[in-house]
file entry35.txt (compact mmCIF, C-alpha atoms)
# COMPACT_ATOMS: atom_id res chain seq x y z
CA MET A 1 107.13 104.52 93.12
CA LYS A 2 104.91 103.99 96.16
CA GLY A 3 104.49 105.72 99.46
CA TRP A 4 104.59 109.31 98.28
CA HIS A 5 104.41 111.94 101.00
CA ILE A 6 101.11 113.81 101.09
CA TYR A 7 102.88 116.98 99.89
CA THR A 8 103.92 115.14 96.74
CA LYS A 9 100.41 113.75 96.34
CA CYS A 10 99.01 117.30 96.25
CA VAL A 11 101.02 117.87 93.09
CA GLN A 12 101.25 114.45 91.47
CA GLU A 13 98.04 112.55 92.22
CA GLY A 14 94.89 112.61 90.13
CA TRP A 15 95.90 113.35 86.57
CA LYS A 16 98.47 110.84 85.29
CA PRO A 17 99.21 111.81 81.66
CA LYS A 18 100.20 109.08 79.26
CA ASN A 19 102.68 109.42 76.42
CA GLY A 20 101.87 112.49 74.36
CA GLU A 21 99.03 113.70 76.62
CA PRO A 22 98.88 117.17 78.22
CA ARG A 23 101.12 117.55 81.28
CA VAL A 24 98.48 119.72 82.99
CA LEU A 25 94.99 118.38 83.66
CA PRO A 26 92.83 119.40 80.68
CA ILE A 27 89.32 120.80 80.99
CA VAL A 28 86.92 118.44 79.23
CA GLN A 29 84.06 120.91 78.92
CA SER A 30 81.51 118.53 77.44
CA THR A 31 78.22 117.25 78.79
CA THR A 32 78.31 114.03 76.78
CA PHE A 33 80.61 111.47 75.17
CA LYS A 34 80.45 109.50 71.91
CA TYR A 35 80.31 105.71 71.62
CA ASP A 36 80.15 103.49 68.58
CA SER A 37 77.36 101.17 69.70
CA SER A 38 74.16 101.20 71.71
CA GLU A 39 75.32 98.02 73.43
CA THR A 40 78.35 99.80 74.92
CA MET A 41 76.15 102.67 76.02
CA GLY A 42 73.70 100.24 77.60
CA ASP A 43 76.48 98.55 79.54
CA LEU A 44 77.52 101.92 80.91
CA PHE A 45 73.96 102.68 82.04
CA ASP A 46 73.72 99.24 83.70
CA LEU A 47 77.07 99.71 85.51
CA LYS A 48 78.45 96.64 83.77
CA THR A 49 81.43 98.64 82.61
CA SER A 50 83.01 101.96 83.58
CA GLY A 51 83.39 105.06 81.46
CA ASP A 52 82.19 108.60 80.92
CA PHE A 53 78.88 109.02 79.16
CA TYR A 54 77.27 112.03 80.85
CA THR A 55 78.97 114.68 82.97
CA ARG A 56 76.28 114.59 85.65
CA LEU A 57 77.76 111.22 86.66
CA SER A 58 81.39 111.45 85.57
CA ASN A 59 83.78 113.50 83.51
CA PRO A 60 87.53 113.03 82.85
CA THR A 61 88.47 116.34 84.50
CA THR A 62 86.26 115.75 87.52
CA ASN A 63 87.40 112.15 87.81
CA ALA A 64 91.03 113.21 88.08
CA VAL A 65 90.30 115.65 90.90
CA GLU A 66 88.22 113.05 92.73
CA ALA A 67 91.16 110.65 92.50
CA LYS A 68 93.48 113.31 93.90
CA ILE A 69 91.26 114.03 96.90
CA ALA A 70 90.74 110.32 97.57
CA ALA A 71 94.52 109.85 97.55
CA LEU A 72 95.03 112.74 99.97
CA GLU A 73 92.49 111.36 102.45
CA GLY A 74 93.52 107.74 101.93
CA GLY A 75 90.12 106.59 100.68
CA VAL A 76 88.97 104.12 98.05
CA GLY A 77 87.06 106.77 96.11
CA ALA A 78 85.64 110.27 96.14
CA LEU A 79 82.74 112.18 94.63
CA LEU A 80 82.81 115.89 93.85
CA THR A 81 79.63 117.88 94.40
CA SER A 82 78.51 121.38 93.48
CA SER A 83 78.90 122.69 97.05
CA GLY A 84 79.87 121.64 100.55
CA GLN A 85 76.19 121.67 101.52
CA ALA A 86 75.46 119.17 98.77
CA ALA A 87 78.29 116.94 100.03
CA SER A 88 76.94 116.97 103.60
CA LEU A 89 73.38 116.29 102.43
CA MET A 90 74.29 113.46 100.07
CA SER A 91 76.65 111.82 102.56
CA VAL A 92 73.67 111.40 104.90
CA LEU A 93 70.95 110.60 102.34
CA ASN A 94 73.11 107.83 100.94
CA ILE A 95 72.47 105.74 104.07
CA ALA A 96 69.52 107.39 105.87
CA ARG A 97 65.93 107.68 104.74
CA SER A 98 62.58 108.85 106.11
CA GLY A 99 62.01 107.31 109.52
CA ASP A 100 65.70 107.15 110.38
CA HIS A 101 67.73 109.09 112.94
CA ILE A 102 71.21 110.65 113.05
CA ILE A 103 73.44 112.11 115.77
CA CYS A 104 75.52 115.29 115.45
CA PRO A 105 77.38 117.62 117.81
CA ALA A 106 75.62 120.98 118.06
CA GLU A 107 78.96 122.72 117.48
CA VAL A 108 78.90 122.68 113.69
CA TYR A 109 78.70 125.20 110.86
CA GLY A 110 75.38 127.07 110.88
CA GLY A 111 74.50 125.86 107.40
CA THR A 112 74.99 122.25 108.48
CA PHE A 113 72.92 122.80 111.61
CA ASN A 114 70.04 124.24 109.55
CA LEU A 115 70.35 121.47 106.97
CA PHE A 116 69.95 118.83 109.67
CA ASP A 117 67.56 120.66 112.00
CA LYS A 118 65.12 121.82 109.31
CA THR A 119 65.53 120.17 105.91
CA LEU A 120 66.36 116.65 107.11
CA ARG A 121 63.57 116.78 109.67
CA GLU A 122 61.18 117.85 106.91
CA MET A 123 62.37 114.84 104.92
CA GLY A 124 61.54 112.57 107.85
CA ILE A 125 65.08 112.08 109.19
CA ASP A 126 65.29 112.98 112.87
CA VAL A 127 68.43 114.36 114.50
CA THR A 128 69.73 114.52 118.05
CA PHE A 129 72.26 117.26 118.75
CA ILE A 130 74.74 116.52 121.51
CA SER A 131 77.84 118.28 122.83
CA VAL A 132 81.13 117.83 121.01
CA ASP A 133 82.54 117.28 124.51
CA ALA A 134 80.16 114.38 125.21
CA ASP A 135 81.70 111.33 126.84
CA GLU A 136 81.03 107.73 125.82
CA LYS A 137 77.97 107.44 128.05
CA GLU A 138 76.42 110.65 126.70
CA ILE A 139 77.03 109.67 123.08
CA GLN A 140 75.55 106.24 123.70
CA ALA A 141 72.47 107.77 125.33
CA ALA A 142 71.67 109.59 122.07
CA PHE A 143 71.37 106.33 120.11
CA ARG A 144 68.04 104.88 119.01
CA PRO A 145 67.25 101.63 117.21
CA ASN A 146 66.88 103.62 113.95
CA THR A 147 70.14 105.62 114.27
CA LYS A 148 72.11 105.38 111.03
CA LEU A 149 75.20 107.55 111.57
CA ILE A 150 77.12 110.10 113.59
CA PHE A 151 78.21 113.28 111.81
CA GLY A 152 80.76 115.75 113.20
CA GLU A 153 83.34 118.37 112.25
CA ALA A 154 87.00 117.58 112.90
CA LEU A 155 87.40 121.24 113.80
CA SER A 156 84.14 123.11 114.30
CA ASN A 157 83.21 126.27 112.42
CA PRO A 158 83.49 128.83 113.98
CA GLY A 159 84.04 127.64 117.56
CA LEU A 160 87.21 125.63 116.72
CA LYS A 161 86.24 122.75 118.99
CA VAL A 162 88.17 119.57 118.29
CA LEU A 163 86.17 116.39 117.75
CA ASP A 164 87.52 113.36 119.60
CA ILE A 165 87.40 111.26 116.44
CA GLU A 166 88.53 108.01 118.05
CA LEU A 167 85.89 108.24 120.77
CA PHE A 168 83.02 109.07 118.42
CA ALA A 169 84.15 106.38 115.99
CA PHE A 170 84.34 103.81 118.78
CA VAL A 171 80.78 104.48 119.96
CA ALA A 172 79.49 104.61 116.38
CA HIS A 173 81.05 101.26 115.52
CA LYS A 174 79.85 99.69 118.79
CA ASN A 175 76.36 100.48 117.53
CA GLY A 176 77.00 99.29 113.98
CA VAL A 177 76.93 102.70 112.30
CA PRO A 178 79.59 104.82 110.56
CA LEU A 179 81.17 108.11 111.61
CA ILE A 180 81.12 110.89 108.99
CA VAL A 181 83.67 113.66 109.60
CA ASP A 182 83.72 117.07 107.96
CA ASN A 183 87.44 117.72 107.50
CA THR A 184 87.09 121.13 105.82
CA PHE A 185 89.07 123.28 108.26
CA PRO A 186 92.17 121.14 108.96
CA THR A 187 92.19 119.52 105.48
CA PRO A 188 93.94 116.17 104.93
CA ILE A 189 97.25 118.01 105.31
CA ASN A 190 96.65 118.52 109.03
CA CYS A 191 94.10 115.85 109.99
CA ARG A 192 93.73 112.20 108.93
CA PRO A 193 90.24 111.14 110.10
CA PHE A 194 90.40 107.66 108.54
CA GLU A 195 93.49 106.84 110.59
CA PHE A 196 91.46 107.42 113.76
CA GLY A 197 88.41 105.38 112.79
CA ALA A 198 86.24 107.73 110.73
CA ASP A 199 84.49 106.02 107.83
CA ILE A 200 83.43 108.86 105.53
CA VAL A 201 84.95 112.32 105.10
CA VAL A 202 83.26 115.35 103.58
CA HIS A 203 84.66 118.71 102.54
CA SER A 204 83.51 122.09 101.49
CA THR A 205 86.17 122.36 98.79
CA SER A 206 85.27 126.06 98.49
CA LYS A 207 87.51 126.63 101.50
CA TYR A 208 91.18 125.63 101.87
CA LEU A 209 91.20 122.99 99.13
CA ASP A 210 90.40 125.64 96.50
CA GLY A 211 92.08 128.30 98.62
CA HIS A 212 91.41 131.25 96.33
CA ALA A 213 87.69 131.96 96.88
CA THR A 214 87.15 131.10 93.23
CA VAL A 215 84.80 128.10 93.01
CA LEU A 216 82.08 126.52 95.09
CA GLY A 217 82.36 122.79 95.58
CA GLY A 218 82.19 119.84 97.91
CA ALA A 219 83.59 116.35 98.18
CA ILE A 220 82.64 113.02 99.76
CA VAL A 221 85.42 110.49 100.40
CA ASP A 222 84.83 106.84 101.28
CA SER A 223 87.43 105.05 103.42
CA GLY A 224 86.17 101.67 102.24
CA ASN A 225 86.58 100.38 105.81
CA PHE A 226 82.99 100.15 107.05
CA ASP A 227 81.34 96.74 106.66
CA TRP A 228 77.85 97.67 105.45
CA ALA A 229 76.72 94.08 105.07
CA ALA A 230 77.84 93.02 108.55
CA SER A 231 76.07 95.99 110.11
CA GLY A 232 72.70 94.87 108.76
CA LYS A 233 71.31 98.41 108.93
CA TYR A 234 71.69 99.53 105.32
CA PRO A 235 69.33 97.80 102.88
CA GLY A 236 70.04 100.45 100.25
CA LEU A 237 73.54 99.01 99.97
CA THR A 238 72.88 95.35 100.67
CA THR A 239 69.61 94.57 98.87
CA PRO A 240 68.80 94.73 95.14
CA ASP A 241 68.47 98.15 93.50
CA GLU A 242 65.70 97.69 90.95
CA THR A 243 66.76 100.82 89.05
CA TYR A 244 69.89 98.84 88.12
CA HIS A 245 68.14 95.52 87.44
CA GLY A 246 68.64 94.16 90.95
CA LEU A 247 72.29 95.08 91.40
CA ILE A 248 73.52 94.85 95.01
CA TYR A 249 76.17 97.48 95.70
CA THR A 250 78.10 95.59 98.38
CA GLU A 251 78.34 92.50 96.18
CA LYS A 252 79.21 94.32 92.96
CA PHE A 253 81.54 97.04 94.25
CA GLY A 254 82.89 95.70 97.55
CA ARG A 255 84.76 98.33 99.57
CA ALA A 256 83.62 101.04 97.16
CA ALA A 257 79.91 100.26 97.62
CA TYR A 258 79.07 103.47 99.52
CA ILE A 259 80.73 105.92 97.15
CA THR A 260 79.47 104.08 94.07
CA LYS A 261 75.89 104.23 95.31
CA CYS A 262 76.33 107.91 96.14
CA ARG A 263 77.32 108.57 92.53
CA THR A 264 75.05 106.20 90.61
CA HIS A 265 71.96 106.73 92.74
CA LEU A 266 72.05 110.13 94.45
CA MET A 267 74.09 112.10 91.94
CA ARG A 268 72.04 110.52 89.17
CA ASP A 269 68.81 111.72 90.81
CA ILE A 270 69.84 114.95 92.58
CA GLY A 271 72.32 116.22 90.01
CA ALA A 272 74.44 118.37 92.32
CA THR A 273 77.34 118.16 89.89
CA PRO A 274 80.32 120.54 89.65
CA SER A 275 81.33 121.86 86.26
CA PRO A 276 84.55 120.49 84.75
CA THR A 277 85.96 124.03 84.80
CA ASN A 278 85.31 124.32 88.53
CA ALA A 279 86.96 120.94 89.07
CA PHE A 280 90.00 122.20 87.15
CA TYR A 281 90.27 125.33 89.32
CA LEU A 282 89.95 123.14 92.41
CA SER A 283 92.80 120.96 91.21
CA GLN A 284 94.96 124.04 90.71
CA GLY A 285 94.26 125.04 94.30
CA ILE A 286 95.08 121.62 95.71
CA ASP A 287 98.47 121.72 93.97
CA THR A 288 99.65 124.25 96.57
CA LEU A 289 97.49 123.16 99.52
CA HIS A 290 100.43 121.90 101.56
CA LEU A 291 102.33 125.17 101.12
CA ARG A 292 99.37 127.36 101.97
CA MET A 293 98.32 125.40 105.07
CA GLU A 294 101.78 125.76 106.56
CA ARG A 295 101.63 129.55 106.18
CA HIS A 296 98.00 129.77 107.33
CA CYS A 297 98.87 127.92 110.52
CA TYR A 298 102.05 129.88 111.16
CA ASN A 299 100.27 133.21 110.73
CA ALA A 300 97.24 132.15 112.79
CA GLN A 301 99.43 130.95 115.65
CA ARG A 302 101.23 134.29 115.82
CA ILE A 303 98.00 136.25 115.67
CA ALA A 304 96.33 134.10 118.32
CA GLU A 305 99.29 134.70 120.63
CA PHE A 306 99.08 138.45 119.94
CA LEU A 307 95.36 138.55 120.66
CA GLU A 308 95.72 136.47 123.82
CA GLY A 309 98.01 139.10 125.30
CA HIS A 310 95.95 142.17 124.27
CA ASN A 311 94.07 144.06 126.99
CA LYS A 312 91.08 144.81 124.74
CA VAL A 313 90.42 141.16 123.93
CA GLU A 314 88.04 139.22 126.17
CA TRP A 315 89.13 135.74 125.10
CA VAL A 316 90.73 133.84 122.21
CA ASP A 317 89.91 130.37 120.90
CA TYR A 318 92.68 128.72 118.92
CA PRO A 319 93.63 125.08 119.53
CA GLY A 320 97.28 125.88 118.89
CA LEU A 321 97.45 127.89 122.13
CA LYS A 322 98.63 125.88 125.12
CA SER A 323 95.96 127.59 127.21
CA ASN A 324 93.21 126.27 124.94
CA ARG A 325 91.01 123.49 126.35
CA TYR A 326 91.39 121.53 123.10
CA TYR A 327 95.17 121.89 122.87
CA HIS A 328 95.91 118.27 123.79
CA LEU A 329 93.23 116.86 121.46
CA ALA A 330 94.60 119.09 118.70
CA GLN A 331 98.10 117.75 119.34
CA LYS A 332 96.72 114.23 118.96
CA TYR A 333 94.69 114.75 115.78
CA MET A 334 96.42 117.77 114.21
CA PRO A 335 100.03 117.77 115.44
CA ASN A 336 101.29 119.89 112.55
CA GLY A 337 98.72 122.66 113.00
CA THR A 338 94.97 123.13 112.86
CA CYS A 339 93.99 125.83 110.35
CA GLY A 340 94.10 129.56 109.78
CA VAL A 341 90.88 130.43 111.60
CA VAL A 342 91.00 132.22 114.97
CA SER A 343 87.86 132.95 117.01
CA PHE A 344 87.90 135.68 119.63
CA GLU A 345 85.82 138.34 121.32
CA VAL A 346 86.75 141.94 121.97
CA LYS A 347 85.66 143.66 125.17
CA GLY A 348 82.38 145.45 124.62
CA GLY A 349 80.41 142.64 122.99
CA ARG A 350 78.50 142.83 119.72
CA GLU A 351 78.80 146.62 119.22
CA ALA A 352 82.55 146.59 119.83
CA ALA A 353 82.90 143.64 117.44
CA ALA A 354 81.17 145.62 114.70
CA ARG A 355 83.41 148.66 115.26
CA PHE A 356 86.54 146.51 115.30
CA MET A 357 85.70 144.87 111.98
CA GLU A 358 84.84 148.18 110.35
CA ASN A 359 88.21 149.58 111.48
CA LEU A 360 90.18 146.85 109.71
CA GLU A 361 91.99 147.87 106.54
CA LEU A 362 93.76 144.72 105.33
CA ALA A 363 91.17 142.18 106.46
CA ALA A 364 87.88 142.28 104.56
CA ILE A 365 84.39 141.59 105.90
CA VAL A 366 83.10 138.77 103.69
CA THR A 367 80.78 135.78 103.89
CA HIS A 368 83.58 133.34 103.39
CA VAL A 369 86.41 131.70 105.25
CA ALA A 370 89.60 129.77 104.60
CA ASP A 371 91.15 131.30 101.53
CA LEU A 372 94.50 132.98 101.03
CA ARG A 373 93.25 136.51 101.85
CA THR A 374 92.61 137.52 105.45
CA CYS A 375 88.92 138.04 106.11
CA VAL A 376 86.62 138.47 109.07
CA LEU A 377 83.00 137.75 109.94
CA HIS A 378 80.52 138.07 112.80
CA PRO A 379 78.79 134.64 112.86
CA ALA A 380 75.89 135.55 115.17
CA SER A 381 74.58 138.09 112.66
CA THR A 382 75.54 136.23 109.46
CA THR A 383 76.27 132.51 109.04
CA HIS A 384 74.46 131.55 112.26
CA ARG A 385 71.80 134.28 112.37
CA GLN A 386 68.95 131.77 111.96
CA LEU A 387 69.84 130.11 115.27
CA SER A 388 68.04 131.03 118.48
CA ASP A 389 70.00 132.34 121.48
CA ALA A 390 69.85 128.87 123.01
CA GLN A 391 71.10 127.26 119.80
CA LEU A 392 73.90 129.81 119.52
CA LYS A 393 74.96 129.00 123.05
CA ALA A 394 74.88 125.27 122.34
CA ALA A 395 77.03 125.87 119.26
CA GLY A 396 79.54 127.79 121.36
CA ILE A 397 78.85 131.12 119.66
CA THR A 398 78.63 134.23 121.81
CA PRO A 399 76.99 137.45 120.56
CA GLY A 400 80.39 139.12 120.24
CA LEU A 401 82.36 136.27 118.69
CA ILE A 402 84.53 137.27 115.72
CA ARG A 403 85.75 134.69 113.22
CA LEU A 404 89.07 135.80 111.77
CA SER A 405 90.25 133.79 108.78
CA VAL A 406 93.97 134.45 108.65
CA GLY A 407 95.42 134.53 105.15
CA ILE A 408 98.92 133.99 103.83
CA GLU A 409 99.98 137.64 103.79
CA TYR A 410 103.01 138.76 105.82
CA ALA A 411 102.11 138.05 109.45
CA ASP A 412 103.39 141.37 110.78
CA ASP A 413 101.11 143.25 108.39
CA ILE A 414 98.06 141.33 109.59
CA ILE A 415 99.00 141.94 113.22
CA ALA A 416 99.51 145.66 112.54
CA ASP A 417 96.05 145.86 110.98
CA ILE A 418 94.46 144.14 113.97
CA ALA A 419 96.39 146.35 116.39
CA GLN A 420 95.26 149.59 114.78
CA ALA A 421 91.63 148.37 114.68
CA LEU A 422 91.78 147.50 118.38
CA SER A 423 93.33 150.85 119.24
CA GLU A 424 90.16 152.57 117.99
CA LEU A 425 87.94 150.77 120.51
call {"tool": "encode", "arguments": {"input": "entry35.txt", "output": "structure tokens"}}
result
Amino acid sequence: MKGWHIYTKCVQEGWKPKNGEPRVLPIVQSTTFKYDSSETMGDLFDLKTSGDFYTRLSNPTTNAVEAKIAALEGGVGALLTSSGQAASLMSVLNIARSGDHIICPAEVYGGTFNLFDKTLREMGIDVTFISVDADEKEIQAAFRPNTKLIFGEALSNPGLKVLDIELFAFVAHKNGVPLIVDNTFPTPINCRPFEFGADIVVHSTSKYLDGHATVLGGAIVDSGNFDWAASGKYPGLTTPDETYHGLIYTEKFGRAAYITKCRTHLMRDIGATPSPTNAFYLSQGIDTLHLRMERHCYNAQRIAEFLEGHNKVEWVDYPGLKSNRYYHLAQKYMPNGTCGVVSFEVKGGREAAARFMENLELAAIVTHVADLRTCVLHPASTTHRQLSDAQLKAAGITPGLIRLSVGIEYADDIIADIAQALSEL
């Protein structure tokens, strides 16, 4: 049967048990695998044949979850990593090296901003931050001869700004480089970046994909659509890799060249590998992703509407509101909903924000977002505290901004909790 709906793929893709095998994905908790000859093992090391020989590179449990995520995004392959940060880093390092340059909207997760602004710069990769609202001319102006990619978030954390994926992809491709999109917040249930021209997708799987605040993880998904050879900008993919006896990724692996290099080169050398047990828990979360996202979005929409009409709230950012500046872009890229995160500011600024959060009873103050329990955070003093005032402003984060991650509890209970916390201000 072909053409399964994405809801069915959440449940059915990945692990395909054969006759007599376990119905549920098993945990293969082993670092290594036995073979009967050194020749077979050598062929595995030389990439002449496929198979599991060391869990740093592949594992049956992890492989099944990678296949599931690739199917959900519509890619040719995926690679699980130990965290979302590792996924973002490796997605860039796979095609950029010292002396190169990348472009990224400033409105991204604070950890991503620091990764690019500090660590990548220290590694010799320069970055230009532009506005997520940049037009074609402004995006083009950021390009240099050594630019290797554009990176952006489909829905920014925590500002909830919607990336115009088609526009950024168009300018990227005009310059012969790929667009990498972080699809963590909307997930493949609500946003399909590849269908709008994105070439690579990354996730922090610790968020909605897991959905239970149980396991850290990340994922990189390759669309297989970017022509690395035609671009002429990526010798790491199109010239011989001497560590594999002169193998050329684009010639050997075709459309899967990018994701294969990411695994056999970067994962081999960096080792940011998830445990098979974590991959199993992630798979369990993805099984119900489509159900949870529907409830997250329903609850968040109701709460955003409640907050928008409250006299103690300064403003509300939620792309599902018709008053939101990104409403029409959200309808284009995420017509079935965005996510469960609502950003807003209470009157009274930072001090009032602190009092409001401390007054909450159902929602917990935690350094996390996007799981099934309602939680709340003050980004300026936590996830984005390393940013200067100017950088916070560029990222769209005001001193009093509150990031509310709406869970899947009964919506009226969440609203009642917010109402009583506001009444104390």
call {"tool": "atom_distance", "arguments": {"input": "entry35.txt", "atom1": "CA of Leu80 in chain A", "atom2": "CA of Gly42 in chain A"}}
result
24.3 Å
call {"tool": "closest_residue", "arguments": {"input": "entry35.txt", "among": "A:Ser58, A:Asn183, A:Asp413, A:Gly74", "to": "Trp4 in chain A", "atoms": "only C-alpha atoms"}}
result
A:Gly74
call {"tool": "closest_residue", "arguments": {"input": "entry35.txt", "among": "A:Lys9, A:His212, A:Lys34, A:His378", "to": "Ile69 in chain A", "atoms": "all atoms listed in the file"}}
result
A:Lys9
call {"tool": "closest_residue", "arguments": {"input": "entry35.txt", "among": "A:Arg97, A:Lys347, A:Arg263, A:Arg385", "to": "Gly400 in chain A", "atoms": "only C-alpha atoms"}}
result
A:Lys347
call {"tool": "residues_near_point", "arguments": {"input": "entry35.txt", "point": "(64.1, 106.7, 119.0)", "cutoff": "9 Å", "atoms": "only C-alpha atoms", "output": "VMD selection string"}}
result
chain A and resid 100 to 101 126 142 to 147
call {"tool": "write_last_selection", "arguments": {"input": "entry35.txt", "atoms": "C-alpha atoms", "output": "PDB file, in the coordinates of the input"}}
result
ATOM      1  CA  ASP A 100      65.700 107.150 110.380  1.00  0.00           C
ATOM      2  CA  HIS A 101      67.730 109.090 112.940  1.00  0.00           C
ATOM      3  CA  ASP A 126      65.290 112.980 112.870  1.00  0.00           C
ATOM      4  CA  ALA A 142      71.670 109.590 122.070  1.00  0.00           C
ATOM      5  CA  PHE A 143      71.370 106.330 120.110  1.00  0.00           C
ATOM      6  CA  ARG A 144      68.040 104.880 119.010  1.00  0.00           C
ATOM      7  CA  PRO A 145      67.250 101.630 117.210  1.00  0.00           C
ATOM      8  CA  ASN A 146      66.880 103.620 113.950  1.00  0.00           C
ATOM      9  CA  THR A 147      70.140 105.620 114.270  1.00  0.00           C
TER      10      THR A 147
END
call {"tool": "closest_atom_pairs", "arguments": {"input": "entry35.txt", "of": "range 203-258 of chain A", "to": "range 170-180 of chain A", "cutoff": "12 Å", "atoms": "all atoms listed in the file", "output": "JSON lines"}}
result
{"residue": "A:His203", "atom": "CA", "partner": "A:Ile180", "partner_atom": "CA", "distance": 10.7}
{"residue": "A:Ile220", "atom": "CA", "partner": "A:Ile180", "partner_atom": "CA", "distance": 9.6}
{"residue": "A:Val221", "atom": "CA", "partner": "A:Ile180", "partner_atom": "CA", "distance": 9.6}
{"residue": "A:Asp222", "atom": "CA", "partner": "A:Ile180", "partner_atom": "CA", "distance": 9.5}
{"residue": "A:Ser223", "atom": "CA", "partner": "A:Ile180", "partner_atom": "CA", "distance": 10.2}
{"residue": "A:Gly224", "atom": "CA", "partner": "A:Pro178", "partner_atom": "CA", "distance": 11.1}
{"residue": "A:Asn225", "atom": "CA", "partner": "A:Pro178", "partner_atom": "CA", "distance": 9.5}
{"residue": "A:Phe226", "atom": "CA", "partner": "A:Pro178", "partner_atom": "CA", "distance": 6.8}
{"residue": "A:Asp227", "atom": "CA", "partner": "A:Gly176", "partner_atom": "CA", "distance": 8.9}
{"residue": "A:Trp228", "atom": "CA", "partner": "A:Val177", "partner_atom": "CA", "distance": 8.5}
{"residue": "A:Ala229", "atom": "CA", "partner": "A:Gly176", "partner_atom": "CA", "distance": 10.3}
{"residue": "A:Ala230", "atom": "CA", "partner": "A:Gly176", "partner_atom": "CA", "distance": 8.3}
{"residue": "A:Ser231", "atom": "CA", "partner": "A:Gly176", "partner_atom": "CA", "distance": 5.2}
{"residue": "A:Gly232", "atom": "CA", "partner": "A:Gly176", "partner_atom": "CA", "distance": 8.1}
{"residue": "A:Lys233", "atom": "CA", "partner": "A:Gly176", "partner_atom": "CA", "distance": 7.7}
{"residue": "A:Tyr234", "atom": "CA", "partner": "A:Val177", "partner_atom": "CA", "distance": 9.3}
{"residue": "A:Tyr258", "atom": "CA", "partner": "A:Pro178", "partner_atom": "CA", "distance": 11.1}
call {"tool": "residues_around", "arguments": {"input": "entry35.txt", "residues": "Cys375 in chain A", "least_positions_apart": "5", "cutoff": "6 Å", "atoms": "all atoms listed in the file", "output": "number ranges by chain"}}
result
A: 363-365, 405
